[in-house]
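Novice: This is the structure I have questions about; it appears just below.
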Amino acid sequence: MSDPADQRPPTQNSSARNSSGPPAIPETPLADALLAAAGSTRASFHALPVSRRGSIRESALADAYDALFGRGLFSEATITAPPLDSFFFPHRSLARAEELAARAFGATGTLFVTAGTTTANLIALEALIARPDVRVLADKGTHQSIHFALSDKHATVDYIEPRVFCEHSERAALSLPALLEQAAAAERAGTPYELLVLNGQSYDGVVYDIRAILTALAEASPSLTTVFVDEAWGAWSYFHEATRGRTALHARAADPALERFTVVATHSAHKSLSALRQGSLIHFSGDPELAERLRLGRYRHHTTSPSYPILASLDLARAQMELEGRDLVERSLRLARRVSETVAGDPALSAFSVNAPAVPDAFAGHAAIDPTKLSLRVSGLPIEAPELRERLYSRHGLYVNRCTRTSLLLNLHIGIGDEEVAALLDALRAIQRELSPAVERPDEQAGERRVSTSFIIPYPPGVPIIVPGEEIGGDTLRRIEAFRSAGARIYTIEHRPR
């Protein structure tokens, strides 16, 4: 665990920018220890028969194993202490790796988890809820693991209901005045909340300004000093000046007036950093007694067979973000702008539009949209977003996970580069040519007006619902959906004047 007096923000690639020589590679103690153990271990008489490919060396399935997992994976040793470290009682390489992670994120302490953020959330709430009747004010939009943990701990929970502000992306945000009034009312009644639970960065790209929320909360409810923020999607945002200011740990570190708060944050590192799947981080700042309670929670709830490759990937991911994080995030921001600008200006993409990239005024003081998550509306196509998602994957090898009826969520994470963005835009153009050659880019004065240059025909019955020259409006799209729901196929047949 690191000394709170020694906290500092991420290096932001300072070595690369302030020296004429190559940047210094950050320390990676756990990854180094695992590599050394893998190189010096001849055989393990403990467990994991597949280690060093022992159980599959002569197997007919060896090629499938190698293709899926790589030959190098099988050099992983199952040893822990002393060559590596004890997971539950670390004091060597893992302890140092967790200390370095805490410093990178500006936390008092950090714990590594190899069972996903579902388990990380459970561990965090185990430490934060010391008795069954703890009063909790919770964001209803948090991950299900948090709701289950609150229920299992028999906490007294009141929920804050987020309000959907974009019907296409289904993005939703809390009302800060409503949150503050609920907290203040409990304070006035003499039954203040002891814990606030927030979804700091949502799947759909809504990001709360934690500093703004805590600043207002300090006045509304002085007794409420413990905050748990699920930042599953937001580990990357600590490494760029444009995004760091809203984060949970930075909020407390940057403002001495907020030192009264104890803050716990969880990160699904594998969602936004170069970490293996199920790699997760638990950070805390404030109450020094939390360290022991969090470690006890990890001991109670975590698997006793942690994956050391996952642990090492967390160590490497932190080091990479210290060394290269700002540049990687800057690339993501640039590519997101490129997609937005191309969609807005390319007639070959006129069937698509990016849903409003800002929150309404009612939320603007405490919420924003993650600039790397674009909600792409597909209302100009004769198919809905789920079918477009399927086409992107089956025909172009481009995977999108989240969609609503009208929109796809594009996550421009640090693993996406110019080549992938070009492939996406080309695929969207190809799909528009195939499905909607009818749709032309409306001029600015026409607003949302789209005019068809083709016949749009549901079959059956084979009777056009749009002929060339007619406007495609909301009623047309609803009729198309009605035909599709009834099992009809929609054809667009380009009009070719003689």
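Going by the structure tokens order, chains are called A, B, ..., each with residues numbered from 1, while ligands are numbered from 1 in the order shown.
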Tell me, as a CSV table (one decimal) with N, CA and C atoms, in the first residue's frame, which residues lie within 9 Å of region 168-177 of chain A, counting only C-alpha atoms; anything in the same chain fewer than 6 positions away does not count.
Specialist:
chain,number,residue,atom,x,y,z
A,139,ASP,N,-27.8,4.8,-6.9
A,139,ASP,CA,-28.2,5.1,-8.3
A,139,ASP,C,-28.8,3.8,-8.8
A,141,GLY,N,-29.3,3.0,-11.7
A,141,GLY,CA,-28.7,2.6,-13.0
A,141,GLY,C,-27.4,1.9,-12.8
A,160,ILE,N,-32.3,6.3,-6.4
A,160,ILE,CA,-32.4,7.5,-7.3
A,160,ILE,C,-32.7,7.0,-8.7
A,161,GLU,N,-33.7,7.5,-9.3
A,161,GLU,CA,-34.1,7.0,-10.6
A,161,GLU,C,-33.5,7.8,-11.7
A,162,PRO,N,-32.6,7.3,-12.6
A,162,PRO,CA,-32.1,8.1,-13.7
A,162,PRO,C,-33.3,8.4,-14.7
A,202,SER,N,-21.3,5.2,-17.4
A,202,SER,CA,-22.2,4.1,-17.8
A,202,SER,C,-21.8,3.5,-19.1
A,204,ASP,N,-23.5,3.2,-21.7
A,204,ASP,CA,-23.9,4.0,-22.8
A,204,ASP,C,-23.1,5.3,-23.0
A,205,GLY,N,-22.2,5.6,-22.1
A,205,GLY,CA,-21.4,6.8,-22.2
A,205,GLY,C,-21.8,8.0,-21.5
A,206,VAL,N,-22.6,7.9,-20.4
A,206,VAL,CA,-22.9,9.0,-19.6
A,206,VAL,C,-21.9,9.0,-18.5
A,207,VAL,N,-21.2,10.2,-18.3
A,207,VAL,CA,-20.1,10.3,-17.3
A,207,VAL,C,-20.5,11.4,-16.3
A,208,TYR,N,-20.5,11.0,-15.0
A,208,TYR,CA,-20.8,12.0,-14.0
A,208,TYR,C,-19.5,12.8,-13.6
A,213,ILE,N,-20.5,16.7,-8.0
A,213,ILE,CA,-21.5,16.0,-7.1
A,213,ILE,C,-21.1,16.1,-5.7
A,216,ALA,N,-21.4,19.6,-4.1
A,216,ALA,CA,-22.7,19.9,-3.7
A,216,ALA,C,-23.2,19.1,-2.6
A,355,ASN,N,-26.2,10.6,-32.6
A,355,ASN,CA,-27.1,11.2,-31.7
A,355,ASN,C,-26.4,12.3,-30.9
A,359,VAL,N,-25.3,16.3,-23.1
A,359,VAL,CA,-26.5,16.1,-22.3
A,359,VAL,C,-27.3,17.4,-22.3
A,362,ALA,N,-30.4,20.5,-18.3
A,362,ALA,CA,-30.8,20.1,-16.9
A,362,ALA,C,-29.7,19.2,-16.3
A,363,PHE,N,-28.9,18.6,-17.1
A,363,PHE,CA,-27.8,17.7,-16.5
A,363,PHE,C,-26.4,18.2,-16.7
A,365,GLY,N,-24.5,20.4,-15.5
A,365,GLY,CA,-23.7,20.8,-14.4
A,365,GLY,C,-22.9,19.6,-13.8
A,366,HIS,N,-23.4,18.4,-14.0
A,366,HIS,CA,-22.8,17.3,-13.3
A,366,HIS,C,-22.7,16.1,-14.2
A,367,ALA,N,-23.0,16.2,-15.5
A,367,ALA,CA,-22.9,15.0,-16.4
A,367,ALA,C,-22.5,15.4,-17.7
A,375,SER,N,-23.1,7.2,-30.3
A,375,SER,CA,-24.4,6.5,-30.6
A,375,SER,C,-24.8,6.8,-32.0
A,376,LEU,N,-24.8,5.8,-32.8
A,376,LEU,CA,-25.0,6.0,-34.3
A,376,LEU,C,-26.4,5.6,-34.6
A,377,ARG,N,-27.2,6.6,-35.0
A,377,ARG,CA,-28.6,6.3,-35.4
A,377,ARG,C,-28.7,5.8,-36.9
A,403,CYS,N,-26.9,-2.2,-28.8
A,403,CYS,CA,-27.7,-1.4,-29.7
A,403,CYS,C,-29.1,-1.3,-29.1
A,404,THR,N,-29.8,-0.2,-29.5
A,404,THR,CA,-31.2,0.0,-29.2
A,404,THR,C,-31.9,-0.3,-30.5
A,405,ARG,N,-33.2,0.0,-30.6
A,405,ARG,CA,-34.0,-0.3,-31.8
A,405,ARG,C,-33.5,0.6,-32.9
A,406,THR,N,-33.0,1.8,-32.6
A,406,THR,CA,-32.7,2.7,-33.7
A,406,THR,C,-31.2,3.0,-33.8
A,407,SER,N,-30.4,2.6,-32.8
A,407,SER,CA,-29.0,3.1,-32.8
A,407,SER,C,-28.0,2.0,-32.3
A,408,LEU,N,-26.8,2.2,-32.8
A,408,LEU,CA,-25.6,1.3,-32.3
A,408,LEU,C,-24.7,2.2,-31.5
A,409,LEU,N,-24.1,1.5,-30.5
A,409,LEU,CA,-23.1,2.2,-29.6
A,409,LEU,C,-21.7,1.8,-30.1
Novice: Contacts of Gly116 (chain A) at 6 Å or less, counting only C-alpha atoms, minus same-chain residues fewer than 5 places along, as a VMD selection string?
Specialist: chain A and resid 278 to 280
Novice: Keeping only N, CA and C atoms, write the selected residues as a compact mmCIF listing (two decimals), in the first residue's frame.
Specialist:
# COMPACT_ATOMS: atom_id res chain seq x y z
N GLN A 278 -11.69 -10.08 -17.31
CA GLN A 278 -11.97 -10.27 -15.89
C GLN A 278 -10.94 -9.61 -15.00
N GLY A 279 -9.97 -8.91 -15.57
CA GLY A 279 -9.06 -8.12 -14.76
C GLY A 279 -9.76 -6.88 -14.25
N SER A 280 -9.74 -6.68 -12.93
CA SER A 280 -10.45 -5.55 -12.33
C SER A 280 -9.62 -4.93 -11.22
Novice: Leaving out region 86-94 of chain A and any residue of its chain fewer than 2 positions from it, which residues lie within 10 Å of it when counting only C-alpha atoms, given as an NGL selection string?
Specialist: :A and (1 or 28-34 or 79-84 or 96-100 or 111-113 or 295-296 or 298-300 or 302 or 304-308 or 311-312 or 315)
Novice: Output N, CA and C atoms for every residue in that selection, as an mmCIF file, in the first residue's frame.
Specialist:
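Output (selection32.cif):
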data_model
loop_
_atom_site.group_PDB
_atom_site.id
_atom_site.type_symbol
_atom_site.label_atom_id
_atom_site.label_comp_id
_atom_site.auth_asym_id
_atom_site.auth_seq_id
_atom_site.Cartn_x
_atom_site.Cartn_y
_atom_site.Cartn_z
ATOM 1 N N MET A 1 0.848 -1.189 0.000
ATOM 2 C CA MET A 1 0.000 0.000 0.000
ATOM 3 C C MET A 1 0.882 1.237 0.000
ATOM 4 N N THR A 28 7.425 -2.971 -13.715
ATOM 5 C CA THR A 28 6.335 -3.954 -13.784
ATOM 6 C C THR A 28 6.714 -5.168 -12.935
ATOM 7 N N PRO A 29 6.664 -5.046 -11.631
ATOM 8 C CA PRO A 29 7.226 -6.086 -10.753
ATOM 9 C C PRO A 29 6.526 -7.435 -10.853
ATOM 10 N N LEU A 30 5.214 -7.446 -10.954
ATOM 11 C CA LEU A 30 4.510 -8.727 -10.993
ATOM 12 C C LEU A 30 4.692 -9.419 -12.332
ATOM 13 N N ALA A 31 4.613 -8.655 -13.415
ATOM 14 C CA ALA A 31 4.841 -9.239 -14.733
ATOM 15 C C ALA A 31 6.255 -9.805 -14.835
ATOM 16 N N ASP A 32 7.224 -9.090 -14.288
ATOM 17 C CA ASP A 32 8.601 -9.576 -14.312
ATOM 18 C C ASP A 32 8.736 -10.870 -13.516
ATOM 19 N N ALA A 33 8.095 -10.927 -12.368
ATOM 20 C CA ALA A 33 8.184 -12.123 -11.528
ATOM 21 C C ALA A 33 7.551 -13.325 -12.219
ATOM 22 N N LEU A 34 6.433 -13.104 -12.905
ATOM 23 C CA LEU A 34 5.775 -14.209 -13.607
ATOM 24 C C LEU A 34 6.628 -14.696 -14.767
ATOM 25 N N ILE A 79 2.672 -21.764 -9.461
ATOM 26 C CA ILE A 79 3.244 -21.399 -8.172
ATOM 27 C C ILE A 79 2.828 -19.989 -7.782
ATOM 28 N N THR A 80 2.824 -19.724 -6.488
ATOM 29 C CA THR A 80 2.517 -18.384 -5.994
ATOM 30 C C THR A 80 3.704 -17.919 -5.155
ATOM 31 N N ALA A 81 3.593 -17.978 -3.851
ATOM 32 C CA ALA A 81 4.721 -17.601 -3.002
ATOM 33 C C ALA A 81 5.603 -18.835 -2.780
ATOM 34 N N PRO A 82 6.947 -18.683 -2.628
ATOM 35 C CA PRO A 82 7.649 -17.407 -2.618
ATOM 36 C C PRO A 82 8.090 -16.861 -3.978
ATOM 37 N N PRO A 83 8.147 -17.692 -5.086
ATOM 38 C CA PRO A 83 8.669 -17.101 -6.325
ATOM 39 C C PRO A 83 7.879 -15.888 -6.804
ATOM 40 N N LEU A 84 6.543 -15.906 -6.620
ATOM 41 C CA LEU A 84 5.741 -14.754 -7.034
ATOM 42 C C LEU A 84 5.320 -13.980 -5.786
ATOM 43 N N ARG A 96 3.856 -4.686 -4.525
ATOM 44 C CA ARG A 96 4.481 -3.558 -5.221
ATOM 45 C C ARG A 96 3.661 -3.142 -6.434
ATOM 46 N N ALA A 97 3.129 -4.121 -7.180
ATOM 47 C CA ALA A 97 2.314 -3.791 -8.350
ATOM 48 C C ALA A 97 1.060 -3.029 -7.939
ATOM 49 N N GLU A 98 0.432 -3.432 -6.853
ATOM 50 C CA GLU A 98 -0.759 -2.722 -6.375
ATOM 51 C C GLU A 98 -0.405 -1.322 -5.886
ATOM 52 N N GLU A 99 0.747 -1.174 -5.281
ATOM 53 C CA GLU A 99 1.195 0.154 -4.848
ATOM 54 C C GLU A 99 1.397 1.076 -6.051
ATOM 55 N N LEU A 100 2.030 0.555 -7.093
ATOM 56 C CA LEU A 100 2.247 1.369 -8.287
ATOM 57 C C LEU A 100 0.924 1.743 -8.954
ATOM 58 N N LEU A 111 -6.405 -2.710 -4.996
ATOM 59 C CA LEU A 111 -6.392 -4.164 -4.967
ATOM 60 C C LEU A 111 -6.651 -4.684 -6.368
ATOM 61 N N PHE A 112 -5.925 -5.740 -6.745
ATOM 62 C CA PHE A 112 -6.151 -6.415 -8.016
ATOM 63 C C PHE A 112 -7.170 -7.541 -7.810
ATOM 64 N N VAL A 113 -8.013 -7.741 -8.819
ATOM 65 C CA VAL A 113 -9.040 -8.777 -8.787
ATOM 66 C C VAL A 113 -9.020 -9.502 -10.131
ATOM 67 N N ARG A 295 -9.167 -6.003 2.036
ATOM 68 C CA ARG A 295 -8.392 -7.237 1.894
ATOM 69 C C ARG A 295 -9.145 -8.415 2.501
ATOM 70 N N LEU A 296 -9.826 -8.177 3.622
ATOM 71 C CA LEU A 296 -10.642 -9.233 4.211
ATOM 72 C C LEU A 296 -11.783 -9.601 3.275
ATOM 73 N N ARG A 298 -11.758 -9.367 0.038
ATOM 74 C CA ARG A 298 -11.194 -10.146 -1.065
ATOM 75 C C ARG A 298 -10.922 -11.574 -0.618
ATOM 76 N N TYR A 299 -10.445 -11.734 0.585
ATOM 77 C CA TYR A 299 -10.180 -13.076 1.100
ATOM 78 C C TYR A 299 -11.461 -13.896 1.211
ATOM 79 N N ARG A 300 -12.554 -13.251 1.575
ATOM 80 C CA ARG A 300 -13.828 -13.956 1.769
ATOM 81 C C ARG A 300 -14.502 -14.311 0.447
ATOM 82 N N HIS A 302 -13.157 -13.826 -3.080
ATOM 83 C CA HIS A 302 -12.433 -14.087 -4.326
ATOM 84 C C HIS A 302 -12.076 -15.563 -4.432
ATOM 85 N N THR A 304 -9.894 -18.796 -4.703
ATOM 86 C CA THR A 304 -8.573 -19.091 -4.158
ATOM 87 C C THR A 304 -7.608 -19.547 -5.242
ATOM 88 N N SER A 305 -8.071 -19.540 -6.479
ATOM 89 C CA SER A 305 -7.201 -19.862 -7.619
ATOM 90 C C SER A 305 -7.150 -18.670 -8.569
ATOM 91 N N PRO A 306 -6.579 -17.549 -8.125
ATOM 92 C CA PRO A 306 -6.514 -16.377 -8.994
ATOM 93 C C PRO A 306 -5.632 -16.648 -10.196
ATOM 94 N N SER A 307 -5.935 -15.988 -11.297
ATOM 95 C CA SER A 307 -5.149 -16.141 -12.519
ATOM 96 C C SER A 307 -3.971 -15.172 -12.480
ATOM 97 N N TYR A 308 -2.763 -15.723 -12.402
ATOM 98 C CA TYR A 308 -1.599 -14.840 -12.399
ATOM 99 C C TYR A 308 -1.356 -14.167 -13.747
ATOM 100 N N LEU A 311 -3.454 -11.125 -13.351
ATOM 101 C CA LEU A 311 -2.811 -10.188 -12.436
ATOM 102 C C LEU A 311 -1.646 -9.472 -13.118
ATOM 103 N N ALA A 312 -0.828 -10.238 -13.845
ATOM 104 C CA ALA A 312 0.310 -9.620 -14.540
ATOM 105 C C ALA A 312 -0.161 -8.647 -15.610
ATOM 106 N N ASP A 315 -0.789 -5.325 -14.130
ATOM 107 C CA ASP A 315 0.484 -4.641 -13.897
ATOM 108 C C ASP A 315 0.991 -4.000 -15.188
#
Novice: Which is closest to Arg293 (chain A) among A:Gly72, A:Ala423, A:Ala124, A:Ile480, if we use only C-alpha atoms?
Specialist: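 Smallest separation from Arg293 (chain A) among the options: A:Ala124.
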Novice: So that I can see what lies close to region 221-231 of chain A, please list as a PyMOL selection string the residues with an atom at most 6 Å from it, counting only C-alpha atoms and leaving out residues fewer than 4 positions away in the same chain.
Specialist: chain A and resi 183-184+187+193-201+217+261-267
Novice: How many Å lie between CA of Tyr238 (chain A) and CA of Arg326 (chain A), rounded to one decimal?
Specialist: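 Rounded to one decimal, the two atoms are 9.1 Å apart.
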Novice: Find the residues near region 143-158 of chain A: any atom within 10 Å, counting only C-alpha atoms, skip ones fewer than 6 places away on the same chain, and give them as a PyMOL selection string.
Specialist: chain A and resi 117-126+129-137+182+193+195-199+202-203+230+232
Novice: Quick one: DSSP alpha helix (DSSP H) residues in region 84-207 of chain A, as number ranges by chain?
Specialist: A: 93-105, 116-128, 144-152, 176-188
Novice: Name the closest residue to Thr114 (chain A) among the candidates A:Ala344, A:Ala138, A:Leu349, A:Ala275; distances are taken between atoms, counting only C-alpha atoms.
Specialist: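 Between A:Ala344, A:Ala138, A:Leu349, A:Ala275, the residue approaching Thr114 (chain A) most closely is A:Ala275.
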